[in-house]
Amino acid sequence: MKNVEMKLSGNTLIIEVDLTKEFGKSSSGKSIIIASTEGNVSVPEHEGIKIGLNIYKK
């Protein structure tokens, strides 16, 4: 994962992303990647639940 932290607070998933970071251009070159799970990943402590997250800017 790039710039993504996940934690649980009870039954609530909390996702933290630093919006000031950049990881270069996307594969298409049309946007700049800020954060990504780089595909679907399991939610902490819930192996049956998946999340896929991409945060980017033009």
# chains A, B, ... in the order shown; residues from 1 in each chain; ligands from 1

$ residues_around --residues "segment 5-18 of chain A" --least-positions-apart "6" --cutoff "12 Å" --atoms "only C-alpha atoms" --output "number ranges by chain"
A: 33-37, 41-46, 49-56

$ select_by_dssp --residues "chain A" --states "strand (DSSP E or B)" --output "ChimeraX atom specification"
/A:2,5-9,12-16,25,32-36,41-43,46-51,54-57

$ closest_residue --among "A:Met1, A:Glu47, A:Ile32, A:Gly39" --to "Thr20 of chain A" --atoms "only C-alpha atoms"
A:Ile32

$ residues_around --residues "Lys30 of chain A" --least-positions-apart "3" --cutoff "10 Å" --atoms "only C-alpha atoms" --output "PDB file with C-alpha atoms, in the first residue's frame"
ATOM      1  CA  LYS A  25       1.902   9.781 -12.535  1.00  0.00           C
ATOM      2  CA  SER A  26      -0.621   7.007 -12.998  1.00  0.00           C
ATOM      3  CA  SER A  27       0.002   4.379 -15.665  1.00  0.00           C
ATOM      4  CA  ILE A  33      -1.271   9.234  -7.452  1.00  0.00           C
ATOM      5  CA  TYR A  56      -5.455  10.886  -7.159  1.00  0.00           C
ATOM      6  CA  LYS A  57      -5.527  14.368  -8.635  1.00  0.00           C
ATOM      7  CA  LYS A  58      -5.472  15.702 -12.179  1.00  0.00           C
TER       8      LYS A  58
END

$ decode --residues "segment 27-58 of chain A" --atoms "N, CA and C atoms" --output "compact mmCIF listing (two decimals), in the first residue's frame"
# COMPACT_ATOMS: atom_id res chain seq x y z
N SER A 27 -0.47 5.09 -14.48
CA SER A 27 0.00 4.38 -15.67
C SER A 27 -0.49 5.04 -16.95
N SER A 28 -1.64 5.68 -16.92
CA SER A 28 -2.15 6.38 -18.11
C SER A 28 -1.49 7.75 -18.29
N GLY A 29 -0.89 8.26 -17.21
CA GLY A 29 -0.26 9.57 -17.27
C GLY A 29 -1.22 10.73 -17.13
N LYS A 30 -2.49 10.44 -16.88
CA LYS A 30 -3.50 11.50 -16.80
C LYS A 30 -3.69 12.07 -15.41
N SER A 31 -3.18 11.41 -14.39
CA SER A 31 -3.37 11.88 -13.01
C SER A 31 -2.14 11.56 -12.17
N ILE A 32 -2.08 12.18 -11.00
CA ILE A 32 -0.98 11.97 -10.06
C ILE A 32 -1.50 11.19 -8.87
N ILE A 33 -0.83 10.11 -8.54
CA ILE A 33 -1.27 9.23 -7.45
C ILE A 33 -0.91 9.85 -6.10
N ILE A 34 -1.87 9.91 -5.21
CA ILE A 34 -1.66 10.38 -3.83
C ILE A 34 -1.63 9.20 -2.87
N ALA A 35 -2.50 8.22 -3.08
CA ALA A 35 -2.56 7.03 -2.22
C ALA A 35 -3.23 5.89 -2.95
N SER A 36 -2.85 4.66 -2.59
CA SER A 36 -3.47 3.50 -3.22
C SER A 36 -3.25 2.27 -2.36
N THR A 37 -4.25 1.41 -2.34
CA THR A 37 -4.07 0.10 -1.73
C THR A 37 -3.41 -0.86 -2.72
N GLU A 38 -3.24 -0.41 -3.95
CA GLU A 38 -2.64 -1.20 -5.04
C GLU A 38 -3.39 -2.50 -5.26
N GLY A 39 -4.69 -2.38 -5.40
CA GLY A 39 -5.56 -3.54 -5.57
C GLY A 39 -6.43 -3.73 -4.34
N ASN A 40 -7.14 -4.82 -4.31
CA ASN A 40 -8.02 -5.11 -3.18
C ASN A 40 -7.23 -5.77 -2.06
N VAL A 41 -7.41 -5.28 -0.84
CA VAL A 41 -6.73 -5.83 0.34
C VAL A 41 -7.77 -6.10 1.43
N SER A 42 -7.42 -6.98 2.35
CA SER A 42 -8.32 -7.30 3.46
C SER A 42 -8.35 -6.18 4.49
N VAL A 43 -9.53 -5.95 5.03
CA VAL A 43 -9.69 -5.00 6.14
C VAL A 43 -9.08 -5.66 7.38
N PRO A 44 -8.33 -4.90 8.20
CA PRO A 44 -7.72 -5.48 9.40
C PRO A 44 -8.74 -6.24 10.26
N GLU A 45 -8.36 -7.43 10.65
CA GLU A 45 -9.17 -8.28 11.53
C GLU A 45 -10.46 -8.79 10.89
N HIS A 46 -10.65 -8.58 9.58
CA HIS A 46 -11.85 -9.02 8.86
C HIS A 46 -11.42 -9.56 7.50
N GLU A 47 -10.83 -10.75 7.49
CA GLU A 47 -10.28 -11.31 6.26
C GLU A 47 -11.30 -11.44 5.14
N GLY A 48 -12.58 -11.57 5.45
CA GLY A 48 -13.60 -11.72 4.42
C GLY A 48 -14.05 -10.42 3.79
N ILE A 49 -13.61 -9.29 4.36
CA ILE A 49 -14.01 -7.98 3.84
C ILE A 49 -12.81 -7.35 3.16
N LYS A 50 -13.02 -6.88 1.92
CA LYS A 50 -11.94 -6.31 1.12
C LYS A 50 -12.20 -4.84 0.85
N ILE A 51 -11.11 -4.09 0.59
CA ILE A 51 -11.21 -2.69 0.20
C ILE A 51 -10.21 -2.44 -0.91
N GLY A 52 -10.61 -1.63 -1.88
CA GLY A 52 -9.73 -1.17 -2.95
C GLY A 52 -9.84 0.35 -2.99
N LEU A 53 -8.72 1.05 -2.82
CA LEU A 53 -8.76 2.49 -2.69
C LEU A 53 -7.72 3.13 -3.59
N ASN A 54 -8.13 4.14 -4.36
CA ASN A 54 -7.22 4.96 -5.14
C ASN A 54 -7.57 6.42 -4.91
N ILE A 55 -6.59 7.23 -4.55
CA ILE A 55 -6.79 8.67 -4.40
C ILE A 55 -5.80 9.35 -5.33
N TYR A 56 -6.31 10.26 -6.16
CA TYR A 56 -5.45 10.89 -7.16
C TYR A 56 -5.94 12.30 -7.46
N LYS A 57 -5.12 13.05 -8.18
CA LYS A 57 -5.53 14.37 -8.64
C LYS A 57 -5.11 14.54 -10.09
N LYS A 58 -5.77 15.44 -10.76
CA LYS A 58 -5.47 15.70 -12.18
C LYS A 58 -4.18 16.46 -12.33
